[in-house]
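**Q** This is the structure, below, for whatever I ask next.
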Amino acid sequence: MDLDTVRTFVAAADAGQFQEAATELAVTQQAVSKRIAALERVLGVRLFTRTPRGAELTIDGQAFLPHARELLRAADRATAAVRPGSRPLRVDVLTSRSAQSGLVRGFHRAHPEVELDVVKLFDLDAAVAAVRAGTVDATFRAVTAPGRPLPEDIEAVRILDEPLQLFTGPGHALADAKSVTLTELAGHRIWMPGLTPGTEWTAYYDELAAEFGLTIEATGPDFGADALLDTIADTPALATFMSEYTSLVWPAAHDLRRIPVTTPTPVYPHSLLHHRTNPHPALATLLTHLTTTAPRHDDATTWIPTWAR
């Protein structure tokens, strides 16, 4: 069914005259008559009766009118769902507890007028493909990854340097340290379950371990942060890295220690990836907010992998 004919029918029904409907729709009266006739052929019924006063709805026309209005409302909703500025801004973050998620929450507090749709895509290639296809407006990722350059139509804007801290249980050899250096961590077992080959964060920890002689173990499945902290609390030989910005809660009996890592401080570099021609007006607002509020660190006192510099 042609929506133009339906829209013309509703306009004529509301106006009661084909000429007034033509004026409202900015078409000729002849065009209105042709559209109504075409709709009547599709439906197989008469919709109007011509009278000296104009055009009156037939019984079939009266029955069709509420459905015609709903058809037009559905068409307007469908158009609004995909029109830039009308649909929510879709942003991809890794997890709900991540620093990325915290940045998006901060943006929402600062700009409650922007409707957000937060998604969680695990794979880098899937996230970039979604940005290129327009199903996601932006994704938080590392600046790049070794051997995986970004497509030319994708722009990466450095947003956040996420400092890592050492987490230990009370029985760990470094549990009482006020801070530790990366060189002091050599010889200690750092457990990072869930480091999946081919991901940008695995590439990050591979280079960190190689440069400072660290022992980073990725054995076992990733059961989440709570299970990881339970194990760290009960195993004096293990420590783990966690973000300074990650919000965590654990039982008081765990007596976990968050120890700053210094000289240099390893930071994970986050960028916001977006399509260069993405038309969503809220994307520029998000970029401005993040580039002016997200914390950055002095490169002289921090470490990032060579492929992100």
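Chain identifiers are assigned as A, B, and so on, following the order in which chains appear in the structure tokens; residues are numbered from 1 within each chain, and ligands are numbered from 1 in order of appearance.
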Tell me, as a list in words, which residues lie within 10 Å of His297 (chain A), counting only C-alpha atoms; anything in the same chain fewer than 2 positions away does not count.

**A**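 That gives Leu160, Asp161, Glu162, Pro163, Thr265, Val267, Pro295, Asp299, Ala300, Thr301, Thr302 and Trp303 of chain A.
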
**Q** Could you write out the selected residues, including N, CA, C and O atoms, as an mmCIF file, in the first residue's frame?

**A**
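Once written, part-v4.cif looks like this:
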data_model
loop_
_atom_site.group_PDB
_atom_site.id
_atom_site.type_symbol
_atom_site.label_atom_id
_atom_site.label_comp_id
_atom_site.auth_asym_id
_atom_site.auth_seq_id
_atom_site.Cartn_x
_atom_site.Cartn_y
_atom_site.Cartn_z
ATOM 1 N N LEU A 160 41.455 8.187 26.972
ATOM 2 C CA LEU A 160 41.702 7.883 28.382
ATOM 3 C C LEU A 160 42.939 7.026 28.537
ATOM 4 O O LEU A 160 43.132 6.065 27.794
ATOM 5 N N ASP A 161 43.771 7.385 29.513
ATOM 6 C CA ASP A 161 44.871 6.522 29.942
ATOM 7 C C ASP A 161 44.465 5.902 31.278
ATOM 8 O O ASP A 161 44.309 6.610 32.272
ATOM 9 N N GLU A 162 44.313 4.590 31.275
ATOM 10 C CA GLU A 162 43.771 3.883 32.443
ATOM 11 C C GLU A 162 44.917 3.272 33.255
ATOM 12 O O GLU A 162 45.522 2.280 32.839
ATOM 13 N N PRO A 163 45.289 3.849 34.409
ATOM 14 C CA PRO A 163 46.417 3.327 35.189
ATOM 15 C C PRO A 163 46.093 1.968 35.806
ATOM 16 O O PRO A 163 44.985 1.738 36.288
ATOM 17 N N THR A 265 54.288 4.083 35.499
ATOM 18 C CA THR A 265 52.957 3.526 35.744
ATOM 19 C C THR A 265 52.411 2.973 34.433
ATOM 20 O O THR A 265 52.304 3.705 33.447
ATOM 21 N N VAL A 267 49.788 2.260 31.852
ATOM 22 C CA VAL A 267 48.432 2.740 31.587
ATOM 23 C C VAL A 267 47.928 2.071 30.314
ATOM 24 O O VAL A 267 48.686 1.835 29.371
ATOM 25 N N PRO A 295 40.589 11.729 32.130
ATOM 26 C CA PRO A 295 41.960 11.969 32.590
ATOM 27 C C PRO A 295 43.011 11.413 31.638
ATOM 28 O O PRO A 295 42.864 10.331 31.084
ATOM 29 N N ASP A 299 53.236 11.340 29.629
ATOM 30 C CA ASP A 299 53.913 10.222 28.971
ATOM 31 C C ASP A 299 55.280 9.929 29.578
ATOM 32 O O ASP A 299 55.781 8.816 29.464
ATOM 33 N N ALA A 300 55.891 10.930 30.236
ATOM 34 C CA ALA A 300 57.221 10.723 30.813
ATOM 35 C C ALA A 300 57.183 9.804 32.026
ATOM 36 O O ALA A 300 58.205 9.209 32.387
ATOM 37 N N THR A 301 56.042 9.663 32.673
ATOM 38 C CA THR A 301 55.960 8.843 33.888
ATOM 39 C C THR A 301 55.071 7.617 33.708
ATOM 40 O O THR A 301 54.806 6.915 34.678
ATOM 41 N N THR A 302 54.632 7.374 32.477
ATOM 42 C CA THR A 302 53.751 6.245 32.233
ATOM 43 C C THR A 302 54.328 5.348 31.147
ATOM 44 O O THR A 302 55.229 5.729 30.411
ATOM 45 N N TRP A 303 53.778 4.146 31.053
ATOM 46 C CA TRP A 303 54.185 3.192 30.014
ATOM 47 C C TRP A 303 52.973 2.769 29.218
ATOM 48 O O TRP A 303 51.922 2.420 29.787
#

**Q** Considering only C-alpha atoms, tabulate each residue of region 117-177 of chain A that lies at most 8 Å from region 91-103 of chain A along with its nearest interatomic pair and the corresponding distance in Å to one decimal; arrange the rows by chain and ascending residue number and present them as CSV.

**A**
residue,atom,partner,partner_atom,distance
A:Asp117,CA,A:Val91,CA,6.4
A:Val118,CA,A:Val91,CA,5.0
A:Val119,CA,A:Asp92,CA,4.8
A:Lys120,CA,A:Val93,CA,5.2
A:Leu121,CA,A:Leu94,CA,6.3
A:Phe122,CA,A:Leu94,CA,6.2
A:Ala127,CA,A:Asp92,CA,7.6
A:Val136,CA,A:Val91,CA,6.2
A:Asp137,CA,A:Val91,CA,5.9
A:Ala138,CA,A:Val91,CA,5.0
A:Thr139,CA,A:Asp92,CA,4.5
A:Phe140,CA,A:Val93,CA,5.8
A:Glu162,CA,A:Ala99,CA,7.4

**Q** For those residues, write N, CA, C and O atoms to a file as a compact mmCIF listing (two decimals), in the first residue's frame.

**A**
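Just written: again_3.txt:
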# COMPACT_ATOMS: atom_id res chain seq x y z
N ASP A 117 22.22 4.22 23.90
CA ASP A 117 22.02 2.77 23.81
C ASP A 117 23.41 2.15 23.95
O ASP A 117 24.24 2.26 23.05
N VAL A 118 23.70 1.56 25.12
CA VAL A 118 25.03 1.01 25.41
C VAL A 118 25.04 -0.48 25.08
O VAL A 118 24.18 -1.23 25.56
N VAL A 119 25.99 -0.90 24.26
CA VAL A 119 26.12 -2.31 23.88
C VAL A 119 27.49 -2.80 24.31
O VAL A 119 28.37 -2.02 24.66
N LYS A 120 27.67 -4.12 24.31
CA LYS A 120 28.94 -4.72 24.73
C LYS A 120 29.37 -5.75 23.69
O LYS A 120 28.85 -6.86 23.65
N LEU A 121 30.31 -5.35 22.86
CA LEU A 121 30.88 -6.23 21.85
C LEU A 121 32.27 -6.65 22.30
O LEU A 121 33.08 -5.80 22.67
N PHE A 122 32.56 -7.93 22.26
CA PHE A 122 33.84 -8.42 22.77
C PHE A 122 34.96 -8.29 21.74
O PHE A 122 36.05 -7.82 22.03
N ALA A 127 33.56 -5.11 16.50
CA ALA A 127 33.25 -3.73 16.88
C ALA A 127 33.54 -2.76 15.74
O ALA A 127 32.73 -1.88 15.45
N VAL A 136 26.68 0.62 15.18
CA VAL A 136 27.23 1.21 16.40
C VAL A 136 27.87 2.54 16.00
O VAL A 136 28.54 2.62 14.97
N ASP A 137 27.64 3.58 16.79
CA ASP A 137 28.19 4.89 16.45
C ASP A 137 29.63 5.05 16.92
O ASP A 137 30.42 5.77 16.28
N ALA A 138 30.00 4.41 18.03
CA ALA A 138 31.36 4.55 18.55
C ALA A 138 31.68 3.36 19.43
O ALA A 138 30.80 2.76 20.04
N THR A 139 32.98 3.02 19.49
CA THR A 139 33.43 1.92 20.35
C THR A 139 34.72 2.33 21.02
O THR A 139 35.56 3.02 20.43
N PHE A 140 34.88 1.92 22.28
CA PHE A 140 36.12 2.17 23.02
C PHE A 140 37.07 1.00 22.78
O PHE A 140 36.75 -0.15 23.05
N GLU A 162 44.31 4.59 31.27
CA GLU A 162 43.77 3.88 32.44
C GLU A 162 44.92 3.27 33.26
O GLU A 162 45.52 2.28 32.84

**Q** Within 12 Å of Phe212 (chain A), counting only C-alpha atoms, which residues qualify if same-chain residues fewer than 3 places away don't, as an mmCIF file with C-alpha atoms, in the first residue's frame?

**A**
data_model
loop_
_atom_site.group_PDB
_atom_site.id
_atom_site.type_symbol
_atom_site.label_atom_id
_atom_site.label_comp_id
_atom_site.auth_asym_id
_atom_site.auth_seq_id
_atom_site.Cartn_x
_atom_site.Cartn_y
_atom_site.Cartn_z
ATOM 1 C CA THR A 181 57.825 -0.500 40.460
ATOM 2 C CA LEU A 182 57.467 -2.670 37.409
ATOM 3 C CA THR A 183 61.006 -3.985 37.852
ATOM 4 C CA GLU A 184 60.167 -5.051 41.431
ATOM 5 C CA LEU A 185 57.362 -7.207 40.059
ATOM 6 C CA ALA A 186 59.785 -9.440 38.160
ATOM 7 C CA GLY A 187 59.660 -12.928 39.664
ATOM 8 C CA HIS A 188 56.144 -12.515 41.059
ATOM 9 C CA TYR A 205 50.144 -7.524 28.444
ATOM 10 C CA ASP A 206 52.457 -9.501 26.147
ATOM 11 C CA GLU A 207 54.593 -6.421 25.516
ATOM 12 C CA LEU A 208 54.440 -5.305 29.157
ATOM 13 C CA ALA A 209 55.702 -8.730 30.291
ATOM 14 C CA THR A 215 55.438 -13.460 34.681
ATOM 15 C CA ILE A 216 51.851 -13.022 33.534
ATOM 16 C CA THR A 263 58.256 4.475 37.556
ATOM 17 C CA PRO A 264 56.664 4.007 35.143
ATOM 18 C CA PRO A 266 51.496 1.156 33.142
ATOM 19 C CA TRP A 303 54.185 3.192 30.014
ATOM 20 C CA PRO A 305 53.110 -0.387 24.332
#

**Q** Nearest residue to Pro221 (chain A) out of A:Gly61, A:Leu248, A:Trp191, A:Ala74, using only C-alpha atoms?

**A** A:Trp191

**Q** Of the residues A:Leu25, A:Ala13, A:Leu229, A:Leu124, which is the one nearest to Val249 (chain A), using only C-alpha atoms?

**A** A:Leu229

**Q** When you look at Glu70 (chain A) with a cut-off of 12 Å (counting only C-alpha atoms), what residues show up, excluding the ones that are within fewer than 5 positions of it in the same chain? I need them as JSON, numbers by chain.

**A** {"A": [3, 6, 7, 10, 64, 65, 75, 76, 77]}

**Q** So what do you get for CA of Thr306 (chain A) versus CA of Ser179 (chain A), distance-wise?

**A**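 These atoms are spaced 24.7 Å apart.
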
**Q** Do a neighbour search on Ala253 (chain A) at 12 Å with only C-alpha atoms, toss out local chain neighbours closer than 6 positions, and write the hits as a PyMOL selection string.

**A** chain A and resi 169-170+229-230+233-234

**Q** For Phe167 (chain A), which of A:Met192, A:Leu287, A:Leu273, A:Ala63 is the closest residue, counting only C-alpha atoms?

**A**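 The shortest atom-to-atom distance to Phe167 (chain A) comes from A:Met192.
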
**Q** Mind the document's chain letters and residue numbers, and return as a list in words the residues of region 220-268 of chain A that DSSP labels helix (DSSP H, G or I).

**A** Ala225, Asp226, Ala227, Leu228, Leu229, Asp230, Thr231, Ile232, Ala233, Asp234, Ala252, Ala253 and His254 of chain A
